[in-house]
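Structure below is query26.cif: mmCIF, C-alpha atoms.
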```
data_coords
loop_
_atom_site.group_PDB
_atom_site.id
_atom_site.type_symbol
_atom_site.label_atom_id
_atom_site.label_comp_id
_atom_site.auth_asym_id
_atom_site.auth_seq_id
_atom_site.Cartn_x
_atom_site.Cartn_y
_atom_site.Cartn_z
ATOM 1 C CA ALA A 1 22.194 8.480 15.410
ATOM 2 C CA LEU A 2 20.124 5.343 14.861
ATOM 3 C CA LEU A 3 22.858 3.840 12.709
ATOM 4 C CA ARG A 4 25.429 4.368 15.453
ATOM 5 C CA LEU A 5 23.089 3.199 18.215
ATOM 6 C CA LEU A 6 21.531 0.154 16.539
ATOM 7 C CA GLY A 7 23.642 -0.584 13.478
ATOM 8 C CA PRO A 8 22.572 -0.647 9.826
ATOM 9 C CA ALA A 9 21.227 -4.217 9.902
ATOM 10 C CA GLU A 10 18.874 -3.395 12.773
ATOM 11 C CA VAL A 11 17.654 -0.210 11.061
ATOM 12 C CA ASP A 12 16.896 -2.149 7.881
ATOM 13 C CA ALA A 13 15.136 -4.853 9.950
ATOM 14 C CA ALA A 14 12.984 -2.179 11.596
ATOM 15 C CA LEU A 15 12.115 -0.769 8.170
ATOM 16 C CA ARG A 16 11.046 -4.219 6.966
ATOM 17 C CA GLY A 17 8.972 -4.551 10.138
ATOM 18 C CA ILE A 18 6.780 -1.610 9.110
ATOM 19 C CA GLY A 19 6.409 -2.856 5.538
ATOM 20 C CA VAL A 20 9.174 -0.885 3.831
ATOM 21 C CA ALA A 21 10.286 -3.017 0.889
ATOM 22 C CA THR A 22 12.972 -1.103 -1.009
ATOM 23 C CA MET A 23 14.582 1.451 1.283
ATOM 24 C CA SER A 24 17.885 0.405 2.837
ATOM 25 C CA VAL A 25 20.525 2.230 4.836
ATOM 26 C CA ASN A 26 22.975 -0.498 3.778
ATOM 27 C CA ASP A 27 22.865 0.541 0.128
ATOM 28 C CA PRO A 28 25.005 3.604 -0.705
ATOM 29 C CA GLY A 29 22.474 4.530 -3.406
ATOM 30 C CA LEU A 30 19.826 4.929 -0.672
ATOM 31 C CA PRO A 31 17.012 3.386 -2.728
ATOM 32 C CA ALA A 32 13.487 4.268 -1.692
ATOM 33 C CA THR A 33 10.027 4.454 -3.175
ATOM 34 C CA ALA A 34 7.315 6.987 -2.393
ATOM 35 C CA ARG A 35 5.460 4.132 -0.652
ATOM 36 C CA ASP A 36 8.508 3.407 1.533
ATOM 37 C CA LEU A 37 8.805 7.036 2.557
ATOM 38 C CA ALA A 38 5.077 7.275 3.283
ATOM 39 C CA LEU A 39 5.234 4.139 5.454
ATOM 40 C CA VAL A 40 8.069 5.596 7.535
ATOM 41 C CA MET A 41 6.237 8.895 7.961
ATOM 42 C CA ALA A 42 2.974 7.133 8.855
ATOM 43 C CA ALA A 43 4.783 5.091 11.522
ATOM 44 C CA ILE A 44 6.106 8.322 13.031
ATOM 45 C CA ALA A 45 2.655 9.930 12.858
ATOM 46 C CA ARG A 46 1.120 6.964 14.701
ATOM 47 C CA GLY A 47 4.031 6.741 17.116
ATOM 48 C CA ASP A 48 4.768 3.109 16.289
ATOM 49 C CA GLY A 49 7.430 1.922 18.741
ATOM 50 C CA LEU A 50 7.826 5.407 20.210
ATOM 51 C CA THR A 51 6.984 6.869 23.572
ATOM 52 C CA GLN A 52 4.619 9.840 23.460
ATOM 53 C CA GLY A 53 7.571 12.116 24.206
ATOM 54 C CA ALA A 54 9.663 10.637 21.397
ATOM 55 C CA ARG A 55 6.725 10.910 18.978
ATOM 56 C CA ASP A 56 6.138 14.546 19.915
ATOM 57 C CA HIS A 57 9.862 15.257 19.522
ATOM 58 C CA ALA A 58 9.944 13.633 16.056
ATOM 59 C CA LEU A 59 6.864 15.563 14.925
ATOM 60 C CA GLY A 60 8.406 18.784 16.236
ATOM 61 C CA LEU A 61 11.625 18.134 14.294
ATOM 62 C CA LEU A 62 9.633 17.534 11.109
ATOM 63 C CA ALA A 63 7.609 20.723 11.639
ATOM 64 C CA ALA A 64 10.840 22.680 12.177
ATOM 65 C CA GLN A 65 12.469 21.369 8.987
ATOM 66 C CA GLU A 66 14.229 24.286 7.312
ATOM 67 C CA ILE A 67 13.697 23.287 3.676
ATOM 68 C CA ARG A 68 10.002 24.016 3.228
ATOM 69 C CA SER A 69 9.934 24.749 -0.501
ATOM 70 C CA GLY A 70 7.807 21.728 -1.437
ATOM 71 C CA ILE A 71 4.789 20.339 0.409
ATOM 72 C CA PRO A 72 4.784 22.933 3.231
ATOM 73 C CA ALA A 73 5.005 25.833 0.775
ATOM 74 C CA ALA A 74 1.974 24.456 -1.035
ATOM 75 C CA LEU A 75 -0.161 23.826 2.050
ATOM 76 C CA ASP A 76 0.921 25.868 5.094
ATOM 77 C CA ALA A 77 -1.304 28.879 4.352
ATOM 78 C CA LEU A 78 -4.409 26.930 3.288
ATOM 79 C CA PRO A 79 -7.508 27.144 5.470
ATOM 80 C CA GLY A 80 -7.857 24.172 7.790
ATOM 81 C CA VAL A 81 -4.191 23.164 7.652
ATOM 82 C CA ARG A 82 -2.842 23.110 11.205
ATOM 83 C CA ARG A 83 0.701 21.807 10.734
ATOM 84 C CA VAL A 84 2.899 20.325 8.033
ATOM 85 C CA GLY A 85 5.967 18.365 9.092
ATOM 86 C CA ASN A 86 8.223 17.276 6.255
ATOM 87 C CA LYS A 87 11.543 15.798 5.232
ATOM 88 C CA THR A 88 13.131 16.526 1.885
ATOM 89 C CA GLY A 89 15.740 14.705 -0.134
ATOM 90 C CA THR A 90 17.400 16.055 -3.252
ATOM 91 C CA TRP A 91 19.966 14.487 -5.541
ATOM 92 C CA PRO A 92 21.036 15.347 -9.054
ATOM 93 C CA ASN A 93 17.876 15.191 -11.175
ATOM 94 C CA ALA A 94 15.677 14.194 -8.211
ATOM 95 C CA THR A 95 13.492 16.185 -5.813
ATOM 96 C CA ARG A 96 11.771 14.365 -2.937
ATOM 97 C CA ASP A 97 9.461 15.506 -0.164
ATOM 98 C CA VAL A 98 7.397 13.511 2.325
ATOM 99 C CA ALA A 99 5.105 15.055 4.937
ATOM 100 C CA ILE A 100 2.594 14.552 7.677
ATOM 101 C CA VAL A 101 -0.223 17.031 7.097
ATOM 102 C CA GLU A 102 -2.474 17.800 10.065
ATOM 103 C CA THR A 103 -5.787 19.436 9.183
ATOM 104 C CA ASP A 104 -9.011 20.327 10.949
ATOM 105 C CA ARG A 105 -10.483 17.155 9.437
ATOM 106 C CA GLY A 106 -7.659 14.772 10.396
ATOM 107 C CA ALA A 107 -4.139 13.945 9.303
ATOM 108 C CA TYR A 108 -2.648 12.309 6.242
ATOM 109 C CA VAL A 109 0.766 11.442 4.839
ATOM 110 C CA VAL A 110 1.933 12.379 1.350
ATOM 111 C CA ALA A 111 5.171 11.443 -0.416
ATOM 112 C CA ILE A 112 6.141 13.034 -3.717
ATOM 113 C CA MET A 113 9.098 12.128 -5.919
ATOM 114 C CA ALA A 114 9.764 14.466 -8.838
ATOM 115 C CA GLU A 115 12.386 14.372 -11.554
ATOM 116 C CA GLY A 116 14.586 17.416 -11.948
ATOM 117 C CA ASP A 117 16.898 19.429 -9.731
ATOM 118 C CA TRP A 118 15.013 21.397 -7.083
ATOM 119 C CA ASN A 119 11.700 20.825 -8.870
ATOM 120 C CA TRP A 120 9.637 22.403 -6.106
ATOM 121 C CA ASP A 121 6.966 23.732 -8.466
ATOM 122 C CA LEU A 122 5.957 20.192 -9.461
ATOM 123 C CA VAL A 123 6.057 19.016 -5.834
ATOM 124 C CA GLN A 124 3.822 21.919 -4.803
ATOM 125 C CA ARG A 125 1.301 21.270 -7.585
ATOM 126 C CA ALA A 126 1.107 17.573 -6.686
ATOM 127 C CA ALA A 127 0.755 18.366 -2.970
ATOM 128 C CA ARG A 128 -2.131 20.774 -3.624
ATOM 129 C CA ALA A 129 -3.881 18.223 -5.862
ATOM 130 C CA VAL A 130 -3.574 15.515 -3.197
ATOM 131 C CA HIS A 131 -4.786 17.900 -0.503
ATOM 132 C CA GLU A 132 -7.792 19.011 -2.544
ATOM 133 C CA GLU A 133 -8.742 15.399 -3.207
ATOM 134 C CA LEU A 134 -8.367 14.272 0.415
ATOM 135 C CA THR A 135 -10.205 17.236 1.927
ATOM 136 C CA ARG A 136 -12.948 17.605 -0.670
ATOM 137 C CA ARG A 137 -15.731 15.768 1.189
#
```

Could you render the structure as C-alpha cells?
Amino acid sequence: ALLRLLGPAEVDAALRGIGVATMSVNDPGLPATARDLALVMAAIARGDGLTQGARDHALGLLAAQEIRSGIPAALDALPGVRRVGNKTGTWPNATRDVAIVETDRGAYVVAIMAEGDWNWDLVQRAARAVHEELTRR
C-alpha cells in the first residue's frame, strides 16, 4: 500500500530517514540486515511519524500476525510477557523474524536472521536467550 501511495523512492527515503542503511524496496533481492529490521520495528513501536491511531493499528496488525512459529512461540507464554508483535520473512535457506516484545518491565525490539528453511528452532532459542538477558536484572 505504501509503495502505491508514495512510490518506491519515497519509501526508501523514509527508511534512510530512520537510519536504515541496507534495506531497499527498489532492489528485487530485498536486502536487509537485522539492524535494518530492528530500526523499522523500533520506529513503529515509538510511533515515529504516526498518529496514535495509526501506531495502535500497526501494533495490532503485528500482534495478529498468523505466522508465530519464531519469536512469539518462544516468548508468548513466559511470565511477564504481555504482547509479542512480529513480522516474519522466509526465503530459500533463510528464516527471519523481527518483533516488538512488551513485558511488565518495558518493551524491546529483537530481530533474528537464521540460515536454513523454516529454522524456527534456532529463532526460538535466540529469542529466549535475548529475552533472558534483557529481563535478568

For atom CA of A:Leu59 and atom CA of A:Asp27, determine how far apart the two atoms are, in Å to one decimal place. 26.5 Å

For A:Ile112, which residue among A:Thr135, A:Gln65, A:Asn93, A:Asn86 is the nearest when counting only C-alpha atoms?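 Nearest to A:Ile112: A:Asn86.
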
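Listed by chain and then by number, the residues chosen by the PyMOL selection byres ((chain A and resi 17) around 12) in this file are Glu10, Val11, Asp12, Ala13, Ala14, Leu15, Arg16, Ile18, Gly19, Val20, Ala21, Asp36, Leu39, Val40, Ala43, Asp48 and Gly49 of chain A.
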
Give me, please, the distance in Å between atom CA of A:Thr90 and atom CA of A:Asp76, quoted to one decimal. 20.9 Å

Selected residue of minimal separation from A:Ala63 among A:Leu78, A:Glu102, A:Trp91, A:Val123, counting only C-alpha atoms: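 The closest residue to A:Ala63 is A:Glu102.
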
In Å to one decimal, how far is atom CA of A:Gly53 from atom CA of A:Val101?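 Between atom CA of A:Val101 and atom CA of A:Gly53 the gap works out to 19.4 Å.
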
Hey, what's within 8 Å of A:Val98 if we count all atoms listed in the file and toss same-chain stuff fewer than 2 positions away? As a PyMOL selection string, please? chain A and resi 37-38+41+71+86-88+96+100+109-112

Output file for the residues above (C-alpha atoms, as a PDB file, keeping the file's coordinate frame):
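Dumped everything to selection.pdb:
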```pdb
ATOM      1  CA  LEU A  37       8.805   7.036   2.557  1.00  0.00           C
ATOM      2  CA  ALA A  38       5.077   7.275   3.283  1.00  0.00           C
ATOM      3  CA  MET A  41       6.237   8.895   7.961  1.00  0.00           C
ATOM      4  CA  ILE A  71       4.789  20.339   0.409  1.00  0.00           C
ATOM      5  CA  ASN A  86       8.223  17.276   6.255  1.00  0.00           C
ATOM      6  CA  LYS A  87      11.543  15.798   5.232  1.00  0.00           C
ATOM      7  CA  THR A  88      13.131  16.526   1.885  1.00  0.00           C
ATOM      8  CA  ARG A  96      11.771  14.365  -2.937  1.00  0.00           C
ATOM      9  CA  ILE A 100       2.594  14.552   7.677  1.00  0.00           C
ATOM     10  CA  VAL A 109       0.766  11.442   4.839  1.00  0.00           C
ATOM     11  CA  VAL A 110       1.933  12.379   1.350  1.00  0.00           C
ATOM     12  CA  ALA A 111       5.171  11.443  -0.416  1.00  0.00           C
ATOM     13  CA  ILE A 112       6.141  13.034  -3.717  1.00  0.00           C
TER      14      ILE A 112
END
```

Could you work out an axis-aligned box for stretch 113-120 of chain A, taking every atom the file lists and adding 4 Å on each side, and report centre and edge lengths in Å to one decimal, as lines of an AutoDock Vina configuration file?
```
center_x = 13.0
center_y = 17.3
center_z = -8.9
size_x = 15.8
size_y = 18.3
size_z = 14.0
```

For the PyMOL selection byres ((chain A and resi 121) around 12), applied here, can you spell out every residue it catches as an NGL selection string? :A and (69-74 or 95-97 or 112 or 114-120 or 122-128)

Just the residues within 10 Å of A:Arg137, please, counting only C-alpha atoms, with nothing from its chain fewer than 4 positions along; format it as a list in words.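 Within the cut-off, the hits are Arg105, Glu132 and Glu133 of chain A.
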
Take the selection from the previous step and output its residues with C-alpha atoms, as a compact mmCIF listing (two decimals), keeping the file's coordinate frame.
```
# COMPACT_ATOMS: atom_id res chain seq x y z
CA ARG A 105 -10.48 17.16 9.44
CA GLU A 132 -7.79 19.01 -2.54
CA GLU A 133 -8.74 15.40 -3.21
```

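Among the candidates A:Leu134, A:Ala32, A:Val84, A:Met23, the residue lying nearest to A:Leu61 is A:Val84 (atoms considered: all atoms listed in the file).
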
So, counting all atoms listed in the file, which residue among A:Ile44, A:Tyr108, A:Leu62, A:Val25 is closest to A:Leu6? A:Val25
